[in-house]
Amino acid sequence: MTSSLRKLTKQAVKDYGIKSRVEWIMNFPSQVVLTVAQIYWCLAVTKCLQSEDPRAALLELHQICIQQLSDLAELVRGDLSPLKRGVLTALITLDVHSRDIVHYLVTNNVVNESDFGWTQQLRYYWKVDIDDCVVTQNNFNFVYGYEYLGCTPRLVLTPLTDRCYTTLT
């Protein structure tokens, strides 16, 4: 099972920039969609923080996050199977949290990758050198385990859950 999820995740990483986000979401299972969405969100934030004007870039990313949420809200109101509706519901939960983190970064003047406001976040990266997903928080890194999670309802992410993740790492 883990090798299948890894293979699908690797394919989803490749497909993300090629297909529309909506089409891409519909082509992969929930766990893969959530993982790869986080990988690309972290990549987008990192690019913002590396830009000449990180604050402006983050404000632009915030607008992109809002548009992606609008697109998902439109999609979830359509005719979907219960499984795809579950995928979208979980992704909306995750995207709302991602949007809120971008807002937090802007509000707290986080402008560098090494600022604690960014390093404290749970981040997913696709590392080309090891050809795998790495999860990072603070100064802790581990290779994503691809444990099967199924398509279950997501825990709402709050500042308290963020603090719990920080404590656990």
# chains A, B, ... in the order shown; residues from 1 in each chain; ligands from 1

$ select_by_dssp --residues "region 27-166 of chain A" --states "alpha helix (DSSP H)" --output "VMD selection string"
chain A and resid 30 to 50 54 to 76 82 to 107 116 to 119 159 to 166

$ residues_around --residues "Glu113 (chain A)" --least-positions-apart "5" --cutoff "7 Å" --atoms "only C-alpha atoms" --output "ChimeraX atom specification"
/A:46,49,118

$ atom_distance --atom1 "CA of Leu59 (chain A)" --atom2 "CA of Gln121 (chain A)"
18.1 Å

$ closest_residue --among "A:Leu94, A:Asp131, A:Lys84, A:Tyr124" --to "Met26 (chain A)" --atoms "only C-alpha atoms"
A:Lys84

$ closest_residue --among "A:Val128, A:Asn138, A:Pro29, A:Asp53" --to "Phe116 (chain A)" --atoms "only C-alpha atoms"
A:Asn138

$ atom_distance --atom1 "CA of Asp95 (chain A)" --atom2 "CA of Trp41 (chain A)"
8.9 Å

$ residues_around --residues "Asn141 (chain A)" --least-positions-apart "5" --cutoff "12 Å" --atoms "only C-alpha atoms" --output "count of residues only"
11

$ atom_distance --atom1 "CA of Leu8 (chain A)" --atom2 "CA of Cys42 (chain A)"
19.3 Å

$ closest_residue --among "A:Arg85, A:Arg21, A:Arg55, A:His62" --to "Asp100 (chain A)" --atoms "only C-alpha atoms"
A:His62

$ closest_residue --among "A:Ile25, A:Met1, A:Ile18, A:Ala12" --to "Ile39 (chain A)" --atoms "only C-alpha atoms"
A:Ala12
